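One file, model06.pdb, carrying PDB, C-alpha atoms:
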MODEL        1
ATOM      1  CA  MET A 103      13.225   0.244  -6.880  1.00  0.00           C
ATOM      2  CA  ARG A 104      11.047  -2.196  -8.771  1.00  0.00           C
ATOM      3  CA  ILE A 105       7.358  -2.071  -7.856  1.00  0.00           C
ATOM      4  CA  LEU A 106       5.103  -4.921  -8.965  1.00  0.00           C
ATOM      5  CA  LEU A 107       1.368  -4.251  -8.893  1.00  0.00           C
ATOM      6  CA  ILE A 108      -0.319  -7.625  -8.509  1.00  0.00           C
ATOM      7  CA  ASP A 109      -3.985  -8.470  -8.107  1.00  0.00           C
ATOM      8  CA  ARG A 110      -6.360 -11.231  -9.165  1.00  0.00           C
ATOM      9  CA  GLN A 111      -8.909  -8.827 -10.621  1.00  0.00           C
ATOM     10  CA  PRO A 112      -8.299  -8.090 -14.334  1.00  0.00           C
ATOM     11  CA  GLU A 113     -10.316  -4.849 -14.131  1.00  0.00           C
ATOM     12  CA  LEU A 114      -7.929  -3.472 -11.526  1.00  0.00           C
ATOM     13  CA  VAL A 115      -4.877  -4.553 -13.511  1.00  0.00           C
ATOM     14  CA  ASN A 116      -6.306  -2.756 -16.565  1.00  0.00           C
ATOM     15  CA  ALA A 117      -6.931   0.366 -14.451  1.00  0.00           C
ATOM     16  CA  TRP A 118      -3.298   0.300 -13.298  1.00  0.00           C
ATOM     17  CA  ILE A 119      -2.096   0.016 -16.900  1.00  0.00           C
ATOM     18  CA  GLU A 120      -4.301   2.944 -17.908  1.00  0.00           C
ATOM     19  CA  ALA A 121      -3.155   5.130 -14.994  1.00  0.00           C
ATOM     20  CA  MET A 122       0.499   4.070 -15.186  1.00  0.00           C
ATOM     21  CA  PRO A 123       1.345   2.829 -18.700  1.00  0.00           C
ATOM     22  CA  ASP A 124       4.917   1.920 -17.720  1.00  0.00           C
ATOM     23  CA  CYS A 125       3.993  -0.018 -14.576  1.00  0.00           C
ATOM     24  CA  GLU A 126       4.525  -3.723 -14.032  1.00  0.00           C
ATOM     25  CA  ALA A 127       0.917  -4.831 -13.549  1.00  0.00           C
ATOM     26  CA  ILE A 128       0.269  -8.527 -13.146  1.00  0.00           C
ATOM     27  CA  CYS A 129      -3.003 -10.405 -12.874  1.00  0.00           C
ATOM     28  CA  GLY A 130      -2.366 -13.212 -10.422  1.00  0.00           C
ATOM     29  CA  ASP A 131      -1.447 -14.226  -6.884  1.00  0.00           C
ATOM     30  CA  ILE A 132       0.833 -11.741  -5.120  1.00  0.00           C
ATOM     31  CA  LEU A 133       2.279 -14.543  -2.987  1.00  0.00           C
ATOM     32  CA  GLU A 134       3.647 -16.422  -6.006  1.00  0.00           C
ATOM     33  CA  HIS A 135       6.366 -13.847  -6.671  1.00  0.00           C
ATOM     34  CA  GLU A 136       9.790 -13.585  -5.069  1.00  0.00           C
ATOM     35  CA  VAL A 137      10.094 -10.017  -3.801  1.00  0.00           C
ATOM     36  CA  ASP A 138      11.747  -8.271  -0.880  1.00  0.00           C
ATOM     37  CA  ALA A 139       8.350  -7.324   0.558  1.00  0.00           C
ATOM     38  CA  VAL A 140       4.617  -7.410   0.033  1.00  0.00           C
ATOM     39  CA  VAL A 141       2.457  -4.489   1.087  1.00  0.00           C
ATOM     40  CA  SER A 142      -0.390  -4.901   3.558  1.00  0.00           C
ATOM     41  CA  PRO A 143      -3.025  -2.176   3.015  1.00  0.00           C
ATOM     42  CA  GLY A 144      -4.838  -3.109   6.198  1.00  0.00           C
ATOM     43  CA  ASN A 145      -5.955  -1.221   9.270  1.00  0.00           C
ATOM     44  CA  SER A 146      -4.212   1.006  11.814  1.00  0.00           C
ATOM     45  CA  PHE A 147      -4.126  -1.673  14.504  1.00  0.00           C
ATOM     46  CA  GLY A 148      -2.454  -4.432  12.496  1.00  0.00           C
ATOM     47  CA  PHE A 149      -5.254  -6.966  12.613  1.00  0.00           C
ATOM     48  CA  MET A 150      -4.477  -9.304   9.728  1.00  0.00           C
ATOM     49  CA  ASP A 151      -7.479 -11.599   9.711  1.00  0.00           C
ATOM     50  CA  GLY A 152      -9.326 -10.528   6.563  1.00  0.00           C
ATOM     51  CA  GLY A 153      -8.805  -9.945   2.843  1.00  0.00           C
ATOM     52  CA  ILE A 154      -5.235  -9.955   1.562  1.00  0.00           C
ATOM     53  CA  ASP A 155      -3.964  -9.793   5.146  1.00  0.00           C
ATOM     54  CA  LEU A 156      -5.574 -13.152   5.887  1.00  0.00           C
ATOM     55  CA  ALA A 157      -3.685 -14.600   2.907  1.00  0.00           C
ATOM     56  CA  TYR A 158      -0.457 -13.146   4.337  1.00  0.00           C
ATOM     57  CA  SER A 159      -1.173 -14.532   7.820  1.00  0.00           C
ATOM     58  CA  THR A 160      -1.977 -17.928   6.353  1.00  0.00           C
ATOM     59  CA  LYS A 161       1.247 -18.045   4.324  1.00  0.00           C
ATOM     60  CA  PHE A 162       3.650 -16.511   6.850  1.00  0.00           C
ATOM     61  CA  GLY A 163       1.940 -17.652  10.048  1.00  0.00           C
ATOM     62  CA  TRP A 164       0.135 -15.576  12.650  1.00  0.00           C
ATOM     63  CA  GLU A 165       3.466 -14.432  14.042  1.00  0.00           C
ATOM     64  CA  VAL A 166       3.523 -11.808  11.252  1.00  0.00           C
ATOM     65  CA  GLN A 167       0.438 -10.162  12.805  1.00  0.00           C
ATOM     66  CA  THR A 168       2.118 -10.343  16.220  1.00  0.00           C
ATOM     67  CA  ARG A 169       5.217  -8.596  14.819  1.00  0.00           C
ATOM     68  CA  VAL A 170       3.167  -5.875  13.129  1.00  0.00           C
ATOM     69  CA  GLN A 171       1.125  -5.224  16.267  1.00  0.00           C
ATOM     70  CA  ARG A 172       4.212  -5.208  18.493  1.00  0.00           C
ATOM     71  CA  ALA A 173       5.847  -2.610  16.237  1.00  0.00           C
ATOM     72  CA  ILE A 174       2.652  -0.530  16.248  1.00  0.00           C
ATOM     73  CA  ARG A 175       2.521  -0.599  20.050  1.00  0.00           C
ATOM     74  CA  GLU A 176       6.217   0.076  20.581  1.00  0.00           C
ATOM     75  CA  THR A 177       6.938   2.593  17.819  1.00  0.00           C
ATOM     76  CA  PHE A 178       3.633   4.279  17.024  1.00  0.00           C
ATOM     77  CA  ASP A 179       1.945   4.490  20.438  1.00  0.00           C
ATOM     78  CA  GLY A 180      -0.582   1.803  19.585  1.00  0.00           C
ATOM     79  CA  GLU A 181      -1.912   3.078  16.256  1.00  0.00           C
ATOM     80  CA  LEU A 182      -0.289   3.212  12.820  1.00  0.00           C
ATOM     81  CA  LEU A 183      -2.025   6.147  11.162  1.00  0.00           C
ATOM     82  CA  VAL A 184      -2.952   6.243   7.490  1.00  0.00           C
ATOM     83  CA  GLY A 185       0.043   7.753   5.739  1.00  0.00           C
ATOM     84  CA  ARG A 186       2.594   5.891   7.896  1.00  0.00           C
ATOM     85  CA  ALA A 187       4.197   2.505   7.266  1.00  0.00           C
ATOM     86  CA  LEU A 188       6.383  -0.047   8.987  1.00  0.00           C
ATOM     87  CA  ILE A 189       8.301  -3.118   7.874  1.00  0.00           C
ATOM     88  CA  VAL A 190       8.492  -6.443   9.707  1.00  0.00           C
ATOM     89  CA  PRO A 191      10.169  -9.740   8.834  1.00  0.00           C
ATOM     90  CA  THR A 192       8.047 -12.659   7.667  1.00  0.00           C
ATOM     91  CA  GLY A 193      10.498 -15.509   8.176  1.00  0.00           C
ATOM     92  CA  ASP A 194       9.908 -16.535   4.541  1.00  0.00           C
ATOM     93  CA  PRO A 195      13.017 -16.648   2.304  1.00  0.00           C
ATOM     94  CA  ASP A 196      11.050 -15.824  -0.872  1.00  0.00           C
ATOM     95  CA  ILE A 197       9.187 -12.847   0.645  1.00  0.00           C
ATOM     96  CA  PRO A 198      11.237 -11.759   3.669  1.00  0.00           C
ATOM     97  CA  HIS A 199       9.206  -8.668   4.684  1.00  0.00           C
ATOM     98  CA  VAL A 200       5.708  -7.257   5.012  1.00  0.00           C
ATOM     99  CA  ILE A 201       5.161  -3.526   4.794  1.00  0.00           C
ATOM    100  CA  ALA A 202       2.125  -2.502   6.835  1.00  0.00           C
ATOM    101  CA  ALA A 203       0.666   0.666   5.291  1.00  0.00           C
ATOM    102  CA  PRO A 204      -2.941   1.080   6.417  1.00  0.00           C
ATOM    103  CA  THR A 205      -5.517   2.540   4.072  1.00  0.00           C
ATOM    104  CA  MET A 206      -8.075   2.804   6.881  1.00  0.00           C
ATOM    105  CA  ARG A 207      -8.178   3.122  10.644  1.00  0.00           C
ATOM    106  CA  VAL A 208     -10.617   0.214  10.997  1.00  0.00           C
ATOM    107  CA  PRO A 209     -12.145  -1.958   8.278  1.00  0.00           C
ATOM    108  CA  MET A 210     -14.753   0.148   6.512  1.00  0.00           C
ATOM    109  CA  GLN A 211     -15.596   1.710   3.175  1.00  0.00           C
ATOM    110  CA  ILE A 212     -13.054   4.431   2.413  1.00  0.00           C
ATOM    111  CA  ALA A 213     -14.856   7.749   1.997  1.00  0.00           C
ATOM    112  CA  ASP A 214     -11.843   9.739   0.772  1.00  0.00           C
ATOM    113  CA  PRO A 215      -9.650   7.858  -1.726  1.00  0.00           C
ATOM    114  CA  SER A 216      -6.688  10.094  -0.885  1.00  0.00           C
ATOM    115  CA  ALA A 217      -6.073   7.540   1.891  1.00  0.00           C
ATOM    116  CA  VAL A 218      -4.914   5.223  -0.908  1.00  0.00           C
ATOM    117  CA  ARG A 219      -2.418   7.850  -2.094  1.00  0.00           C
ATOM    118  CA  LEU A 220      -1.090   8.373   1.433  1.00  0.00           C
ATOM    119  CA  ALA A 221      -0.774   4.647   2.176  1.00  0.00           C
ATOM    120  CA  THR A 222       0.913   3.946  -1.157  1.00  0.00           C
ATOM    121  CA  ARG A 223       3.361   6.808  -0.626  1.00  0.00           C
ATOM    122  CA  ALA A 224       4.161   5.559   2.882  1.00  0.00           C
ATOM    123  CA  ALA A 225       4.760   1.981   1.705  1.00  0.00           C
ATOM    124  CA  VAL A 226       7.079   3.008  -1.125  1.00  0.00           C
ATOM    125  CA  ARG A 227       8.978   5.462   1.083  1.00  0.00           C
ATOM    126  CA  ALA A 228       9.459   2.835   3.790  1.00  0.00           C
ATOM    127  CA  ALA A 229      10.737   0.337   1.225  1.00  0.00           C
ATOM    128  CA  SER A 230      13.094   2.910  -0.282  1.00  0.00           C
ATOM    129  CA  ARG A 231      14.476   3.944   3.117  1.00  0.00           C
ATOM    130  CA  ALA A 232      15.035   0.285   4.027  1.00  0.00           C
ATOM    131  CA  GLY A 233      16.942  -0.323   0.787  1.00  0.00           C
ATOM    132  CA  LEU A 234      14.468  -2.871  -0.545  1.00  0.00           C
ATOM    133  CA  GLU A 235      14.873  -3.529  -4.247  1.00  0.00           C
ATOM    134  CA  THR A 236      11.553  -5.167  -5.196  1.00  0.00           C
ATOM    135  CA  ILE A 237       8.135  -4.818  -3.599  1.00  0.00           C
ATOM    136  CA  ALA A 238       4.717  -6.148  -4.580  1.00  0.00           C
ATOM    137  CA  MET A 239       1.566  -4.153  -3.954  1.00  0.00           C
ATOM    138  CA  PRO A 240      -2.025  -5.346  -4.182  1.00  0.00           C
ATOM    139  CA  GLY A 241      -4.927  -3.034  -4.919  1.00  0.00           C
ATOM    140  CA  MET A 242      -4.753  -0.454  -2.154  1.00  0.00           C
ATOM    141  CA  GLY A 243      -8.208   0.226  -0.682  1.00  0.00           C
ATOM    142  CA  THR A 244      -9.982  -1.988  -3.212  1.00  0.00           C
ATOM    143  CA  GLY A 245     -10.981  -4.773  -0.828  1.00  0.00           C
ATOM    144  CA  ALA A 246     -12.880  -3.804   2.324  1.00  0.00           C
ATOM    145  CA  GLY A 247     -12.315  -0.148   1.400  1.00  0.00           C
ATOM    146  CA  LEU A 248     -14.420  -0.519  -1.767  1.00  0.00           C
ATOM    147  CA  VAL A 249     -12.480   2.183  -3.645  1.00  0.00           C
ATOM    148  CA  LYS A 250     -13.305   2.075  -7.360  1.00  0.00           C
ATOM    149  CA  PHE A 251     -10.494   0.531  -9.362  1.00  0.00           C
ATOM    150  CA  SER A 252     -10.000   3.618 -11.539  1.00  0.00           C
ATOM    151  CA  TRP A 253      -9.736   5.835  -8.452  1.00  0.00           C
ATOM    152  CA  ALA A 254      -7.395   3.437  -6.662  1.00  0.00           C
ATOM    153  CA  ALA A 255      -5.136   3.231  -9.712  1.00  0.00           C
ATOM    154  CA  ARG A 256      -4.890   7.020  -9.998  1.00  0.00           C
ATOM    155  CA  MET A 257      -4.265   7.436  -6.272  1.00  0.00           C
ATOM    156  CA  MET A 258      -1.641   4.676  -6.271  1.00  0.00           C
ATOM    157  CA  ALA A 259       0.078   6.334  -9.239  1.00  0.00           C
ATOM    158  CA  ALA A 260       0.132   9.641  -7.354  1.00  0.00           C
ATOM    159  CA  GLY A 261       1.442   7.971  -4.183  1.00  0.00           C
ATOM    160  CA  ILE A 262       4.247   6.236  -6.070  1.00  0.00           C
ATOM    161  CA  ALA A 263       5.167   9.502  -7.800  1.00  0.00           C
ATOM    162  CA  ASP A 264       5.097  11.332  -4.450  1.00  0.00           C
ATOM    163  CA  ALA A 265       7.427   8.757  -2.897  1.00  0.00           C
ATOM    164  CA  LEU A 266       9.925   8.425  -5.718  1.00  0.00           C
ATOM    165  CA  GLY A 267      10.000  11.891  -7.200  1.00  0.00           C
ATOM    166  CA  PRO A 268      11.261  15.117  -5.753  1.00  0.00           C
ATOM    167  CA  LYS A 269       8.374  16.762  -3.959  1.00  0.00           C
ATOM    168  CA  GLN A 270       8.495  20.478  -3.370  1.00  0.00           C
ATOM    169  CA  PHE A 271       6.669  22.092  -0.527  1.00  0.00           C
ATOM    170  CA  PRO A 272       3.663  23.965  -1.975  1.00  0.00           C
ATOM    171  CA  LYS A 273       4.105  27.705  -2.354  1.00  0.00           C
ATOM    172  CA  SER A 274       0.514  28.325  -1.295  1.00  0.00           C
ATOM    173  CA  PHE A 275      -2.596  26.586  -0.039  1.00  0.00           C
ATOM    174  CA  SER A 276      -4.034  26.886  -3.534  1.00  0.00           C
ATOM    175  CA  VAL A 277      -1.118  24.895  -4.967  1.00  0.00           C
ATOM    176  CA  ALA A 278      -1.542  22.233  -2.266  1.00  0.00           C
ATOM    177  CA  GLN A 279      -5.255  22.027  -2.980  1.00  0.00           C
ATOM    178  CA  ASP A 280      -4.686  21.739  -6.738  1.00  0.00           C
ATOM    179  CA  ASP A 281      -2.190  18.902  -6.166  1.00  0.00           C
ATOM    180  CA  HIS A 282      -4.625  17.134  -3.856  1.00  0.00           C
ATOM    181  CA  PHE A 283      -7.560  17.225  -6.249  1.00  0.00           C
ATOM    182  CA  LYS A 284      -5.753  16.676  -9.554  1.00  0.00           C
ATOM    183  CA  THR A 285      -5.765  12.912  -8.967  1.00  0.00           C
ATOM    184  CA  TYR A 286      -9.519  12.702  -8.384  1.00  0.00           C
ATOM    185  CA  PRO A 287     -11.434  11.306 -11.351  1.00  0.00           C
ATOM    186  CA  ARG A 288     -13.759  13.781 -12.954  1.00  0.00           C
TER     187      ARG A 288
ENDMDL
END
Could I get this structure in the form of structure tokens?
Amino acid sequence: MRILLIDRQPELVNAWIEAMPDCEAICGDILEHEVDAVVSPGNSFGFMDGGIDLAYSTKFGWEVQTRVQRAIRETFDGELLVGRALIVPTGDPDIPHVIAAPTMRVPMQIADPSAVRLATRAAVRAASRAGLETIAMPGMGTGAGLVKFSWAARMMAAGIADALGPKQFPKSFSVAQDDHFKTYPR
């Protein structure tokens, strides 16, 4: 799978390159690229009226929010938890899907940046399971979540690695804890 990391903020793009030297990091508009899906790092209830989600709703029409919320109600009992993701069609031939992968329950500053890791992992896993070949991700948690770019880049790198690489169940709590905290900047 090809993962494009696209954001308008050069500092974030540089943080991605530092955290993931082999990544495809692009400074620009995520909606100007033909991909199978764009990732929405929004909230657990699928409201798409702010930040990057507002740009998606404007481009694809408000029906995309309706589709996301319908899927949340019907498949996830009314709340898509951080660490889960779903895919809905956009109706756009250049970007046919949106992957909703919330980084927060409701819009707020993210206190624990591991939410970025979980959301990134969920988005990439959902795309992989759906057979998507190319996805574009914005900065996860860097808008309303106010996660520092360096932290977001490291957590996104860990989430991508978790989703694409073989992950073994930890042999002990200590191993799980070490894995959890190794991505935190020192």
Next item on the list: Can you pull out every residue within 8 Å of Phe251 (chain A), counting only C-alpha atoms, but drop anything in the same chain fewer than 2 positions away, and send it as a list in words?
Entry: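 Near Phe251 (chain A), the qualifying residues are Glu113, Leu114, Ala117, Gly241, Thr244, Val249, Trp253, Ala254 and Ala255 of chain A.
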Next item on the list: Let me know the residues the PyMOL selection byres ((chain A and resi 220) around 10) catches in the file above, as a ChimeraX atom specification.
Entry: /A:184-187,203-205,215-219,221-225,257-258,260-262,264-265
Note to self: Please report the interatomic distance between CA of Ala173 (chain A) and CA of Ile201 (chain A) in Å with one decimal.
What the structure shows: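 So the answer is 11.5 Å.
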Next item on the list: Work out how far CA of Leu234 (chain A) is from CA of Ile189 (chain A), in Å to one decimal.
Entry: 10.4 Å
Margin query: Counting only C-alpha atoms, which residue out of A:Tyr286, A:Gly243, A:Phe162, A:Asp131 sits closest to Pro195 (chain A)?
Written below: A:Phe162
Give me the result of the PyMOL selection byres ((chain A and resi 146-155) around 6) on this file, residue by residue, as an mmCIF file with C-alpha atoms, keeping the file's coordinate frame.
data_model
loop_
_atom_site.group_PDB
_atom_site.id
_atom_site.type_symbol
_atom_site.label_atom_id
_atom_site.label_comp_id
_atom_site.auth_asym_id
_atom_site.auth_seq_id
_atom_site.Cartn_x
_atom_site.Cartn_y
_atom_site.Cartn_z
ATOM 1 C CA ASN A 145 -5.955 -1.221 9.270
ATOM 2 C CA LEU A 156 -5.574 -13.152 5.887
ATOM 3 C CA ALA A 157 -3.685 -14.600 2.907
ATOM 4 C CA TYR A 158 -0.457 -13.146 4.337
ATOM 5 C CA GLN A 167 0.438 -10.162 12.805
ATOM 6 C CA VAL A 170 3.167 -5.875 13.129
ATOM 7 C CA GLN A 171 1.125 -5.224 16.267
ATOM 8 C CA GLU A 181 -1.912 3.078 16.256
ATOM 9 C CA LEU A 182 -0.289 3.212 12.820
ATOM 10 C CA LEU A 183 -2.025 6.147 11.162
ATOM 11 C CA PRO A 204 -2.941 1.080 6.417
ATOM 12 C CA ARG A 207 -8.178 3.122 10.644
#
Next item on the list: Find the distance between CA of Val190 (chain A) and CA of Ile174 (chain A) and write it in Å to one decimal.
Entry: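 Here the two named atoms are 10.6 Å from each other.
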Next item on the list: Using only C-alpha atoms, give me every residue within 10 Å of (-8.5, -7.1, -14.5) in file coordinates, as a list in words.
Entry: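 Output of the proximity query reads Asp109, Arg110, Gln111, Pro112, Glu113, Leu114, Val115, Asn116, Ala117, Trp118, Ile119, Ala127, Ile128, Cys129, Gly130 and Phe251 of chain A.
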Notebook entry, point to check: Can you list, as a ChimeraX atom specification, every protein, DNA or RNA residue that comes within 8 Å of Asp138 (chain A) when you count all atoms listed in the file, leaving out same-chain residues fewer than 3 positions away?
Noted result: /A:196-199,234-237
Within 8 Å of (6.5, -16.8, 11.7) (file coordinates; all atoms listed in the file), which protein or nucleic acid residues are there? I'd like them as a short mmCIF file (atom, residue, chain, number, x, y, z; two decimals) with C-alpha atoms, in the frame of the given file.
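Writing done, so here's result-v4.cif:
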data_model
loop_
_atom_site.label_atom_id
_atom_site.label_comp_id
_atom_site.auth_asym_id
_atom_site.auth_seq_id
_atom_site.Cartn_x
_atom_site.Cartn_y
_atom_site.Cartn_z
CA PHE A 162 3.65 -16.51 6.85
CA GLY A 163 1.94 -17.65 10.05
CA TRP A 164 0.14 -15.58 12.65
CA GLU A 165 3.47 -14.43 14.04
CA VAL A 166 3.52 -11.81 11.25
CA THR A 192 8.05 -12.66 7.67
CA GLY A 193 10.50 -15.51 8.18
CA ASP A 194 9.91 -16.54 4.54
#
Next item on the list: For each of A:Ala213, A:Leu188, A:Leu133, A:Gln279, take the minimum atom-to-atom distance to Ser230 (chain A), counting all atoms listed in the file, then give the residue where this is smallest.
Entry: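 When distances to Ser230 (chain A) are compared using all atoms listed in the file, the smallest one comes from A:Leu188.
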Next item on the list: Compare A:Ala139, A:Phe178, A:Leu107, A:Asp281 by their minimum atom-to-atom distance to Glu126 (chain A), counting only C-alpha atoms, and give me the closest one.
Entry: A:Leu107
